[in-house]
file work_29.csv (CSV, C-alpha atoms)
chain,number,residue,atom,x,y,z
U,1,GLN,CA,-139.2,-144.2,3.0
U,2,VAL,CA,-137.5,-146.7,5.3
U,3,GLY,CA,-140.3,-146.6,7.8
U,4,VAL,CA,-140.2,-147.5,11.5
U,5,VAL,CA,-137.5,-149.9,12.5
U,6,GLN,CA,-137.9,-151.9,15.7
U,7,VAL,CA,-134.6,-152.2,17.5
U,8,SER,CA,-135.8,-153.4,20.9
U,9,GLY,CA,-133.9,-156.5,22.1
U,10,LEU,CA,-130.8,-155.6,20.1
U,11,LYS,CA,-127.5,-154.9,21.8
U,12,ALA,CA,-125.9,-151.5,21.2
U,13,ARG,CA,-123.0,-153.0,19.2
U,14,GLU,CA,-125.5,-154.7,16.8
U,15,LEU,CA,-127.5,-151.5,16.0
U,16,THR,CA,-125.2,-150.0,13.3
U,17,GLY,CA,-125.1,-153.1,11.2
U,18,PHE,CA,-128.8,-153.8,11.6
U,19,LEU,CA,-129.8,-150.2,10.7
U,20,LYS,CA,-127.5,-150.1,7.7
U,21,ALA,CA,-129.1,-153.3,6.4
U,22,GLN,CA,-132.6,-151.8,6.9
U,23,VAL,CA,-131.7,-148.4,5.2
U,24,GLY,CA,-129.7,-150.3,2.5
U,25,ARG,CA,-132.9,-151.8,1.2
U,26,VAL,CA,-134.0,-148.4,0.1
U,27,PHE,CA,-130.9,-146.3,-0.4
U,28,LYS,CA,-127.4,-147.0,-1.9
U,29,ASN,CA,-124.1,-145.3,-1.3
U,30,PHE,CA,-124.9,-143.7,2.0
U,31,GLU,CA,-123.0,-143.1,5.2
U,32,MET,CA,-124.5,-143.6,8.6
U,33,ASN,CA,-123.6,-142.8,12.2
U,34,VAL,CA,-125.6,-144.4,15.0
U,35,THR,CA,-125.6,-143.0,18.6
U,36,LEU,CA,-127.8,-143.7,21.5
U,37,GLY,CA,-129.6,-141.0,23.4
U,38,ARG,CA,-130.7,-141.5,27.0
U,39,LEU,CA,-131.7,-145.1,27.7
U,40,ARG,CA,-134.9,-145.7,29.5
U,41,SER,CA,-134.8,-146.8,33.1
U,42,ILE,CA,-136.4,-149.8,34.9
U,43,GLN,CA,-137.6,-150.3,38.4
U,44,VAL,CA,-136.1,-153.1,40.5
U,45,LEU,CA,-136.7,-153.9,44.2
U,46,LEU,CA,-133.8,-154.9,46.4
U,47,VAL,CA,-134.8,-156.5,49.6
U,48,GLY,CA,-133.3,-158.5,52.5
U,49,HIS,CA,-130.0,-157.9,54.2
U,50,LEU,CA,-128.7,-154.9,52.2
U,51,ARG,CA,-127.0,-151.7,53.3
U,52,ARG,CA,-129.8,-149.7,51.6
U,53,PRO,CA,-132.7,-151.9,50.6
U,54,GLY,CA,-135.5,-150.3,48.5
U,55,ASN,CA,-136.9,-149.6,45.1
U,56,TYR,CA,-134.3,-148.4,42.6
U,57,SER,CA,-134.7,-146.8,39.2
U,58,ILE,CA,-131.7,-147.9,37.2
U,59,SER,CA,-130.6,-148.0,33.5
U,60,ALA,CA,-132.4,-150.6,31.4
U,61,SER,CA,-129.0,-152.0,30.5
U,62,SER,CA,-128.2,-152.7,34.2
U,63,THR,CA,-127.3,-156.1,35.6
U,64,LEU,CA,-127.5,-157.8,39.0
U,65,ILE,CA,-124.1,-156.5,40.0
U,66,ASN,CA,-124.9,-152.9,39.0
U,67,ALA,CA,-128.0,-153.0,41.2
U,68,LEU,CA,-126.1,-154.5,44.1
U,69,PHE,CA,-123.5,-151.7,43.9
U,70,ALA,CA,-126.3,-149.1,43.7
U,71,SER,CA,-127.7,-150.5,47.0
U,72,GLY,CA,-124.4,-150.5,48.8
U,73,GLY,CA,-124.2,-154.3,48.6
U,74,PRO,CA,-125.0,-156.8,51.4
U,75,SER,CA,-125.1,-155.5,55.0
U,76,GLU,CA,-122.9,-156.9,57.8
U,77,VAL,CA,-125.3,-159.8,58.2
U,78,GLY,CA,-126.2,-160.3,54.6
U,79,THR,CA,-124.8,-163.2,52.5
U,80,MET,CA,-122.4,-162.7,49.6
U,81,ARG,CA,-122.9,-166.3,48.5
U,82,ARG,CA,-126.6,-166.6,47.9
U,83,ILE,CA,-128.1,-163.5,46.2
U,84,GLN,CA,-131.4,-164.4,44.5
U,85,LEU,CA,-132.8,-162.9,41.4
U,86,LYS,CA,-136.6,-163.3,41.2
U,87,ARG,CA,-138.8,-162.5,38.2
U,88,ASP,CA,-142.5,-162.9,38.2
U,89,ASN,CA,-142.4,-164.4,41.7
U,90,LYS,CA,-140.1,-167.2,40.5
U,91,LEU,CA,-136.5,-167.8,41.4
U,92,LEU,CA,-134.6,-167.1,38.2
U,93,ALA,CA,-131.0,-167.3,39.4
U,94,GLU,CA,-128.7,-167.4,42.5
U,95,PHE,CA,-125.5,-165.3,42.3
U,96,ASP,CA,-122.3,-165.8,44.4
U,97,LEU,CA,-120.2,-162.6,44.7
U,98,TYR,CA,-117.2,-164.7,45.7
U,99,ASP,CA,-117.0,-165.9,42.0
U,100,LEU,CA,-116.6,-162.2,41.0
U,101,MET,CA,-114.3,-161.2,43.8
U,102,SER,CA,-112.0,-164.2,43.9
U,103,ARG,CA,-111.8,-165.2,40.3
U,104,GLY,CA,-113.2,-162.2,38.4
U,105,ASP,CA,-115.9,-164.4,37.0
U,106,LYS,CA,-119.1,-162.5,36.2
U,107,SER,CA,-120.5,-165.1,33.8
U,108,LYS,CA,-123.5,-165.6,36.1
U,109,ASP,CA,-124.4,-161.9,36.2
U,110,MET,CA,-127.7,-161.3,34.5
U,111,LYS,CA,-129.4,-158.4,32.8
U,112,LEU,CA,-132.3,-157.1,34.8
U,113,LEU,CA,-135.8,-156.4,33.6
U,114,ASN,CA,-138.4,-154.0,34.9
U,115,GLY,CA,-140.1,-155.4,38.1
U,116,ASP,CA,-137.2,-157.8,39.0
U,117,VAL,CA,-136.6,-158.5,42.7
U,118,ILE,CA,-133.1,-159.0,44.2
U,119,HIS,CA,-133.2,-160.8,47.6
U,120,VAL,CA,-130.1,-160.9,49.8
U,121,LEU,CA,-130.5,-163.7,52.3
U,122,PRO,CA,-128.9,-163.8,55.8
U,123,MET,CA,-125.2,-164.7,56.0
U,124,GLY,CA,-124.4,-168.4,56.3
U,125,SER,CA,-121.7,-170.2,58.3
U,126,LEU,CA,-118.4,-168.3,58.8
U,127,VAL,CA,-114.8,-169.6,58.7
U,128,ALA,CA,-111.8,-167.6,60.0
U,129,VAL,CA,-108.6,-168.3,58.0
U,130,ALA,CA,-105.6,-167.0,59.9
U,131,GLY,CA,-101.9,-167.6,60.1
U,132,SER,CA,-99.5,-168.1,57.1
U,133,VAL,CA,-101.9,-167.4,54.3
U,134,GLN,CA,-101.9,-164.6,51.7
U,135,MET,CA,-105.2,-163.0,52.8
U,136,PRO,CA,-106.3,-163.9,56.3
U,137,ALA,CA,-109.9,-163.0,56.8
U,138,VAL,CA,-113.3,-164.3,57.8
U,139,TYR,CA,-115.0,-166.1,54.9
U,140,GLU,CA,-118.5,-167.3,54.3
U,141,LEU,CA,-118.8,-171.0,53.9
U,142,LYS,CA,-121.2,-172.5,51.3
U,143,ASP,CA,-122.6,-176.0,51.7
U,144,GLY,CA,-120.1,-178.6,50.3
U,145,GLU,CA,-117.0,-176.4,50.5
U,146,SER,CA,-113.9,-177.7,52.1
U,147,ALA,CA,-110.8,-176.5,54.0
U,148,GLU,CA,-109.1,-176.5,50.6
U,149,ASP,CA,-111.7,-174.1,49.2
U,150,MET,CA,-111.3,-171.7,52.1
U,151,LEU,CA,-107.5,-171.7,51.6
U,152,ALA,CA,-108.0,-170.9,48.0
U,153,TYR,CA,-110.2,-167.9,48.9
U,154,ALA,CA,-107.4,-166.8,51.3
U,155,GLY,CA,-105.0,-166.8,48.4
U,156,GLY,CA,-103.3,-170.0,49.4
U,157,LEU,CA,-100.5,-170.6,51.9
U,158,SER,CA,-97.7,-168.1,52.2
U,159,ALA,CA,-94.1,-169.0,51.2
U,160,THR,CA,-93.2,-169.6,54.8
U,161,ALA,CA,-96.2,-171.9,55.6
U,162,SER,CA,-95.8,-175.6,56.3
U,163,PRO,CA,-98.5,-177.6,54.5
U,164,LYS,CA,-97.6,-180.5,56.8
U,165,ARG,CA,-99.2,-178.9,59.8
U,166,VAL,CA,-102.5,-177.1,59.5
U,167,VAL,CA,-104.7,-176.6,62.6
U,168,LEU,CA,-108.4,-176.8,62.1
U,169,GLN,CA,-110.5,-175.6,65.1
U,170,ARG,CA,-114.3,-176.0,65.3
U,171,ILE,CA,-116.8,-175.0,67.8
U,172,GLY,CA,-119.2,-177.9,68.2
U,173,ASN,CA,-123.0,-177.7,68.9
U,174,ASP,CA,-122.3,-177.9,72.6
U,175,SER,CA,-120.0,-174.8,72.3
U,176,LYS,CA,-116.8,-176.9,72.9
U,177,ARG,CA,-113.7,-176.3,70.8
U,178,ILE,CA,-112.6,-179.2,68.7
U,179,VAL,CA,-109.0,-179.1,67.4
U,180,ASN,CA,-107.7,-181.2,64.5
U,181,GLU,CA,-104.3,-181.2,62.8
U,182,LEU,CA,-104.2,-181.7,59.1
U,183,ASP,CA,-101.5,-182.6,56.6
U,184,LEU,CA,-102.2,-181.0,53.3

call {"tool": "encode", "arguments": {"input": "work_29.csv", "output": "structure tokens"}}
result
Amino acid sequence: QVGVVQVSGLKARELTGFLKAQVGRVFKNFEMNVTLGRLRSIQVLLVGHLRRPGNYSISASSTLINALFASGGPSEVGTMRRIQLKRDNKLLAEFDLYDLMSRGDKSKDMKLLNGDVIHVLPMGSLVAVAGSVQMPAVYELKDGESAEDMLAYAGGLSATASPKRVVLQRIGNDSKRIVNELDL
């Protein structure tokens, strides 16, 4: 009596209310439980500098991050800063894993559709942050980022660090080391 009800495009949390409204047009004083069976899967292609590139069959509710985890993530030479999502041969978005790892921000994570392509580019410039910082490591530098940004990725200065004397070393195009002292 209710007929076929189209639910494609609805989020799982919206289903119960939507279906109650549809059934409520015909029936009164009823109870309803809504559960989801197995969700269909979609095919996405992960290419570029990944640990395990290839074609993946993943849940239709998967996002860019889910697909990256399925593939093992970027390889040793793959970027974490410029991961491209392509749909219909057009660049749809560029994702930066540092947003997720350093700030817990996954606001730019996107739901995937069948046929999407995730392309992991080669790694960009690297910066080694060492000394009296919370998390010394090698970080990938994105265009426009500063020494302050790199210190933020490294968790900031430790309690014993002196912000009056920071040494910045660069290797120039001629392979010579350039040393500058900074006062933060």

call {"tool": "atom_distance", "arguments": {"input": "work_29.csv", "atom1": "CA of Gly9 in chain U", "atom2": "CA of Leu91 in chain U"}}
result
22.5 Å

call {"tool": "closest_residue", "arguments": {"input": "work_29.csv", "among": "U:Leu68, U:Leu15, U:Ala130, U:Val5", "to": "Ala161 in chain U", "atoms": "all atoms listed in the file"}}
result
U:Ala130

call {"tool": "residues_near_point", "arguments": {"input": "work_29.csv", "point": "(-97.8, -166.9, 53.2)", "cutoff": "8 Å", "atoms": "all atoms listed in the file", "output": "PyMOL selection string"}}
result
chain U and resi 132-134+156-161

call {"tool": "atom_distance", "arguments": {"input": "work_29.csv", "atom1": "CA of Ser8 in chain U", "atom2": "CA of Ser59 in chain U"}}
result
14.7 Å

call {"tool": "atom_distance", "arguments": {"input": "work_29.csv", "atom1": "CA of Asp149 in chain U", "atom2": "CA of Leu50 in chain U"}}
result
25.8 Å

call {"tool": "residues_near_point", "arguments": {"input": "work_29.csv", "point": "(-126.1, -142.4, 25.8)", "cutoff": "12 Å", "atoms": "all atoms listed in the file", "output": "list in words"}}
result
Ala12, Val34, Thr35, Leu36, Gly37, Arg38, Leu39, Arg40, Ser59, Ala60 and Ser61 of chain U

call {"tool": "closest_residue", "arguments": {"input": "work_29.csv", "among": "U:Met32, U:Ile171, U:Met150, U:Val166", "to": "Gly131 in chain U", "atoms": "only C-alpha atoms"}}
result
U:Val166

call {"tool": "closest_residue", "arguments": {"input": "work_29.csv", "among": "U:Asp174, U:Glu148, U:Asp116, U:Asp183", "to": "Lys90 in chain U", "atoms": "only C-alpha atoms"}}
result
U:Asp116

call {"tool": "residues_around", "arguments": {"input": "work_29.csv", "residues": "range 28-31 of chain U", "least_positions_apart": "5", "cutoff": "12 Å", "atoms": "all atoms listed in the file", "output": "list of chain:residue names"}}
result
U:Thr16, U:Gly17, U:Leu19, U:Lys20, U:Ala21, U:Gln22, U:Val23

call {"tool": "write_last_selection", "arguments": {"input": "work_29.csv", "atoms": "C-alpha atoms", "output": "mmCIF file, in the frame of the given file"}}
result
data_model
loop_
_atom_site.group_PDB
_atom_site.id
_atom_site.type_symbol
_atom_site.label_atom_id
_atom_site.label_comp_id
_atom_site.auth_asym_id
_atom_site.auth_seq_id
_atom_site.Cartn_x
_atom_site.Cartn_y
_atom_site.Cartn_z
ATOM 1 C CA THR U 16 -125.200 -150.000 13.300
ATOM 2 C CA GLY U 17 -125.100 -153.100 11.200
ATOM 3 C CA LEU U 19 -129.800 -150.200 10.700
ATOM 4 C CA LYS U 20 -127.500 -150.100 7.700
ATOM 5 C CA ALA U 21 -129.100 -153.300 6.400
ATOM 6 C CA GLN U 22 -132.600 -151.800 6.900
ATOM 7 C CA VAL U 23 -131.700 -148.400 5.200
#

call {"tool": "closest_residue", "arguments": {"input": "work_29.csv", "among": "U:Leu46, U:Asn114, U:Lys142, U:Val120", "to": "Ser75 in chain U", "atoms": "all atoms listed in the file"}}
result
U:Val120

call {"tool": "closest_residue", "arguments": {"input": "work_29.csv", "among": "U:Met123, U:Leu100, U:Leu112, U:Ile58", "to": "Arg82 in chain U", "atoms": "all atoms listed in the file"}}
result
U:Met123

call {"tool": "closest_residue", "arguments": {"input": "work_29.csv", "among": "U:Gly115, U:Pro53, U:Gly104, U:Pro122", "to": "Thr79 in chain U", "atoms": "all atoms listed in the file"}}
result
U:Pro122

call {"tool": "residues_around", "arguments": {"input": "work_29.csv", "residues": "Gln169 in chain U", "least_positions_apart": "4", "cutoff": "7 Å", "atoms": "only C-alpha atoms", "output": "ChimeraX atom specification"}}
result
/U:177-180

call {"tool": "residues_around", "arguments": {"input": "work_29.csv", "residues": "Leu92 in chain U", "least_positions_apart": "5", "cutoff": "12 Å", "atoms": "only C-alpha atoms", "output": "count of residues only"}}
result
16
